[in-house]
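*Asks:* Dumping the structure here so I can ask a few things about it.
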Amino acid sequence: METPATPVVPLRAAVSALPAYVPGARVAPGGRAWKLSSNENPYPPLPSVIAAIAAAAEETNRYPDMYASELVKALAGEVGVPPEQVVVGNGSVAVLAHVLQAVVEHGDEVVFPWRSFEAYPIAVAVSGGTAVTVPLEHGTGRLDLPAMAAAVTPRTRVVLVCTPNNPTGPVVQADELDTFLAAVPGDVLVVVDEAYLEFVRDPKAPSGVDLLAAHPNVVLLRTLSKAYGLAGLRVGYAVAEPRLAAGIRAVSTPFGVSHVAQRAALASLEPGAKAELLERVDALVEERSRVTAALRGQGWELPESQANFVWFGLGQATMECAAQATAAGVLVRPFAGDGLRVSIGEPAANDAFLAVAASWR
Ligand SMILES: *Cc1c(COP(=O)(O)O)cnc(C)c1O
């Protein structure tokens, strides 16, 4: 006799089909390794930021300021826009989800480069959108903006532009992006993900704020996770024209940014703290130059990274090289069959990695 199947709650088809987000490898409890797998800032928060976190901890029986008004005002001041144009969220990954939720109807196409940030395909699928991926330029790790413009159809609602591109590192250039924006209809949202903005030194890189002023269909995504070293507290934000910003705010998680995170972000933006944090970014940029030159000296051909990581297009050798790095006490971020990304850390970590890279050759 057949037992009737127990009914189960079906998951949405888009959810069942989701690729899992693979986080960067973590150091095992009690273990010792250099963690160069998640593009984190290697330096802990400044004492003034830790003091702000400790003070805020005493008030955590209260809900945070729902729209993080003080923080929004401070961020708006940083960017040079009115506060109504800034929307914060629980990391810019959450803000991206809110942006998509605000504009994507079921089946709308969302164009994005690939390989790029691995949260994109997940966020697009969850929003109900249809992913349209455009391969990177061959060999350089750069976004192919002409091909991305050509991929825009009447069904396209959003295009994601990641600059610098995670995990390959190059920026798009201002003139390329101008041409791209001139080709894309004004009712298609162009999300410019500037997670690594503070690490960019290429004078040809675009100014997000100028883009936004000229194109109301542009949204900028920024974060305090990378340059400001607050990855663990989850603070990101979008900058958009007021009507779009209001739509994004309307779908945001209520009280999404915790009080502790708001106070830590504000303390990090205090002029003295900010100056010190940006000096650390300068030091990491110098390390990027040193590491890149050393790797090229070893014979590697690398994309022009403007972020806090470097990319090795190792193809089929990727997983084996990653395993060798782990065995040598350096955690890196492999993408099977494609390549691996190595974050720029403190000098000793980078030296340990350079020894691993030499052994790969
Ligand atoms: C790290 C990163 C983010 C930021 O993520 P948070 O959620 O703010 O920590 C956004 N976009 C890209 C491309 C990234 O690499």
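By convention in this document, the chains of the structure tokens carry letters A, B, ... by their order, each chain's residues are numbered from 1, and ligands are numbered from 1 in the order they are shown.
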Pick out the residues sitting within 8 Å of stretch 286-299 of chain A, and hand them over as a PDB file with N, CA, C and O atoms, in the first residue's frame; count only C-alpha atoms, and ignore anything fewer than 5 positions along from it in its own chain.

*Replies:*
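File around_3.pdb, as written:
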```
ATOM      1  N   ASN A 308      40.964  46.710  -3.329  1.00  0.00           N
ATOM      2  CA  ASN A 308      41.868  46.163  -2.312  1.00  0.00           C
ATOM      3  C   ASN A 308      42.065  44.659  -2.509  1.00  0.00           C
ATOM      4  O   ASN A 308      42.061  43.892  -1.548  1.00  0.00           O
ATOM      5  N   PHE A 309      42.214  44.260  -3.775  1.00  0.00           N
ATOM      6  CA  PHE A 309      42.451  42.840  -4.061  1.00  0.00           C
ATOM      7  C   PHE A 309      43.090  42.710  -5.437  1.00  0.00           C
ATOM      8  O   PHE A 309      43.105  43.668  -6.221  1.00  0.00           O
ATOM      9  N   VAL A 310      43.649  41.544  -5.697  1.00  0.00           N
ATOM     10  CA  VAL A 310      44.182  41.236  -7.028  1.00  0.00           C
ATOM     11  C   VAL A 310      43.544  39.932  -7.506  1.00  0.00           C
ATOM     12  O   VAL A 310      43.058  39.128  -6.706  1.00  0.00           O
ATOM     13  N   ILE A 344      44.246  42.516  -0.452  1.00  0.00           N
ATOM     14  CA  ILE A 344      45.458  43.165   0.039  1.00  0.00           C
ATOM     15  C   ILE A 344      45.288  43.356   1.543  1.00  0.00           C
ATOM     16  O   ILE A 344      44.317  43.962   1.991  1.00  0.00           O
ATOM     17  N   GLY A 345      46.217  42.798   2.308  1.00  0.00           N
ATOM     18  CA  GLY A 345      46.133  42.898   3.763  1.00  0.00           C
ATOM     19  C   GLY A 345      47.273  43.728   4.313  1.00  0.00           C
ATOM     20  O   GLY A 345      47.824  44.609   3.628  1.00  0.00           O
ATOM     21  N   GLU A 346      47.631  43.460   5.571  1.00  0.00           N
ATOM     22  CA  GLU A 346      48.765  44.135   6.166  1.00  0.00           C
ATOM     23  C   GLU A 346      50.041  43.579   5.527  1.00  0.00           C
ATOM     24  O   GLU A 346      50.028  42.476   4.975  1.00  0.00           O
ATOM     25  N   PRO A 347      51.170  44.349   5.611  1.00  0.00           N
ATOM     26  CA  PRO A 347      52.384  43.920   4.892  1.00  0.00           C
ATOM     27  C   PRO A 347      52.806  42.475   5.161  1.00  0.00           C
ATOM     28  O   PRO A 347      53.173  41.760   4.215  1.00  0.00           O
ATOM     29  N   ASN A 350      50.687  40.137   3.185  1.00  0.00           N
ATOM     30  CA  ASN A 350      50.993  40.223   1.757  1.00  0.00           C
ATOM     31  C   ASN A 350      52.310  39.499   1.443  1.00  0.00           C
ATOM     32  O   ASN A 350      52.427  38.842   0.402  1.00  0.00           O
ATOM     33  N   LEU A 354      52.855  36.570  -1.140  1.00  0.00           N
ATOM     34  CA  LEU A 354      53.815  36.625  -2.265  1.00  0.00           C
ATOM     35  C   LEU A 354      54.640  35.336  -2.332  1.00  0.00           C
ATOM     36  O   LEU A 354      54.945  34.849  -3.434  1.00  0.00           O
ATOM     37  N   ALA A 357      52.434  32.805  -3.992  1.00  0.00           N
ATOM     38  CA  ALA A 357      52.310  33.044  -5.445  1.00  0.00           C
ATOM     39  C   ALA A 357      53.562  32.575  -6.179  1.00  0.00           C
ATOM     40  O   ALA A 357      53.483  32.037  -7.285  1.00  0.00           O
ATOM     41  N   ALA A 358      54.726  32.780  -5.539  1.00  0.00           N
ATOM     42  CA  ALA A 358      55.971  32.330  -6.164  1.00  0.00           C
ATOM     43  C   ALA A 358      55.952  30.804  -6.300  1.00  0.00           C
ATOM     44  O   ALA A 358      56.401  30.246  -7.309  1.00  0.00           O
ATOM     45  N   ARG A 361      53.974  29.383  -9.270  1.00  0.00           N
ATOM     46  CA  ARG A 361      54.629  29.410 -10.581  1.00  0.00           C
ATOM     47  C   ARG A 361      55.554  28.229 -10.665  1.00  0.00           C
ATOM     48  O   ARG A 361      55.973  27.663 -11.427  1.00  0.00           O
TER      49      ARG A 361
END
```

*Asks:* Report as CSV: every residue of chain A with an atom at most 8 Å from ligand 1, its closest pair of atoms, and their distance in Å to one decimal, counting only C-alpha atoms and all ligand atoms, with rows sorted by chain and ascending residue number.

*Replies:*
```
residue,atom,partner,partner_atom_place_in_ligand_line,distance
A:Ser38,CA,ligand 1,1 (C),7.8
A:Asn39,CA,ligand 1,1 (C),6.9
A:Asn90,CA,ligand 1,7 (O),6.8
A:Gly91,CA,ligand 1,7 (O),3.4
A:Ser92,CA,ligand 1,8 (O),3.6
A:Val93,CA,ligand 1,7 (O),3.9
A:Ala94,CA,ligand 1,7 (O),6.2
A:Val95,CA,ligand 1,7 (O),7.8
A:Ser116,CA,ligand 1,13 (C),7.3
A:Phe117,CA,ligand 1,13 (C),4.9
A:Ala119,CA,ligand 1,11 (N),7.9
A:Cys162,CA,ligand 1,13 (C),5.9
A:Thr163,CA,ligand 1,13 (C),7.6
A:Pro164,CA,ligand 1,13 (C),7.7
A:Asn165,CA,ligand 1,13 (C),6.5
A:Asn166,CA,ligand 1,13 (C),5.1
A:Pro167,CA,ligand 1,15 (O),7.4
A:Asp193,CA,ligand 1,11 (N),5.8
A:Glu194,CA,ligand 1,11 (N),6.9
A:Ala195,CA,ligand 1,10 (C),4.9
A:Tyr196,CA,ligand 1,15 (O),7.2
A:Leu221,CA,ligand 1,10 (C),7.4
A:Arg222,CA,ligand 1,8 (O),7.0
A:Thr223,CA,ligand 1,8 (O),4.5
A:Leu224,CA,ligand 1,8 (O),6.4
A:Ser225,CA,ligand 1,9 (O),4.8
A:Lys226,CA,ligand 1,1 (C),6.6
A:Ala231,CA,ligand 1,9 (O),5.3
A:Gly232,CA,ligand 1,9 (O),7.9
A:Arg234,CA,ligand 1,9 (O),5.7
A:Val235,CA,ligand 1,8 (O),5.9
A:Gly236,CA,ligand 1,8 (O),4.6
A:Tyr237,CA,ligand 1,8 (O),7.9
```

*Asks:* Pull the closest atom pair for each residue of stretch 266-299 of chain A that gets at most 9 Å from stretch 44-62 of chain A, along with the distance in Å to one decimal, counting only C-alpha atoms, ordering rows by chain and then ascending residue number, as JSON lines.

*Replies:*
```
{"residue": "A:Leu266", "atom": "CA", "partner": "A:Val49", "partner_atom": "CA", "distance": 8.6}
{"residue": "A:Ala267", "atom": "CA", "partner": "A:Val49", "partner_atom": "CA", "distance": 5.4}
{"residue": "A:Ser268", "atom": "CA", "partner": "A:Val49", "partner_atom": "CA", "distance": 6.2}
{"residue": "A:Ala273", "atom": "CA", "partner": "A:Leu46", "partner_atom": "CA", "distance": 7.4}
{"residue": "A:Glu276", "atom": "CA", "partner": "A:Leu46", "partner_atom": "CA", "distance": 8.5}
{"residue": "A:Leu277", "atom": "CA", "partner": "A:Leu46", "partner_atom": "CA", "distance": 8.1}
```

*Asks:* DSSP on the backbone, alpha helix (DSSP H) only: what residues of stretch 37-280 of chain A does that give? Format it as a ChimeraX atom specification.

*Replies:* /A:47-57,69-79,92-103,119-127,145-150,174-183,208-214,242-251,259-269,271-280

*Asks:* For each of A:Ala240, A:Val356, A:His259, A:Val79, take the minimum atom-to-atom distance to A:Ser207, counting only C-alpha atoms, then give the residue where this is smallest.

*Replies:* A:Val79

*Asks:* With distances taken over only C-alpha atoms, which residue among A:Leu100, A:Ile248, A:Val330, A:Leu284 lies nearest A:Ala355?

*Replies:*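 For A:Ala355, the nearest of the given residues is A:Val330.
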
*Asks:* When distances are computed from only C-alpha atoms, which of A:Val8, A:Ala25, A:Val251, A:Ala214 shows the smallest separation from A:Val342?

*Replies:*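 Between A:Val8, A:Ala25, A:Val251, A:Ala214, the residue approaching A:Val342 most closely is A:Ala25.
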
*Asks:* Using only C-alpha atoms, can you tell me which of A:Val86, A:Asp338, A:Pro121, A:Ala33 comes closest to A:Ala74?

*Replies:*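 Closest to A:Ala74, using only C-alpha atoms: A:Val86.
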
*Asks:* Could you list, as an MDAnalysis selection string, every residue within 9 Å of A:Pro242, counting only C-alpha atoms and ignoring same-chain residues fewer than 5 positions away?

*Replies:* chainID A and resid 82 84:86 247

*Asks:* Figure out the distance between atom CA of A:Val152 and atom CA of A:Gly339, please, to one decimal in Å.

*Replies:*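 Going from atom CA of A:Gly339 over to atom CA of A:Val152, I get 27.8 Å.
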
*Asks:* Go through A:Gly80, A:Gly128, A:Pro170, A:Pro23 and flag the residue nearest A:Glu304, using only C-alpha atoms for the distances.

*Replies:* A:Pro170

*Asks:* How far is it from atom CA of A:Glu70 to atom CA of A:Val239, in Å with one decimal?

*Replies:*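 Distance between the two atoms: 15.7 Å.
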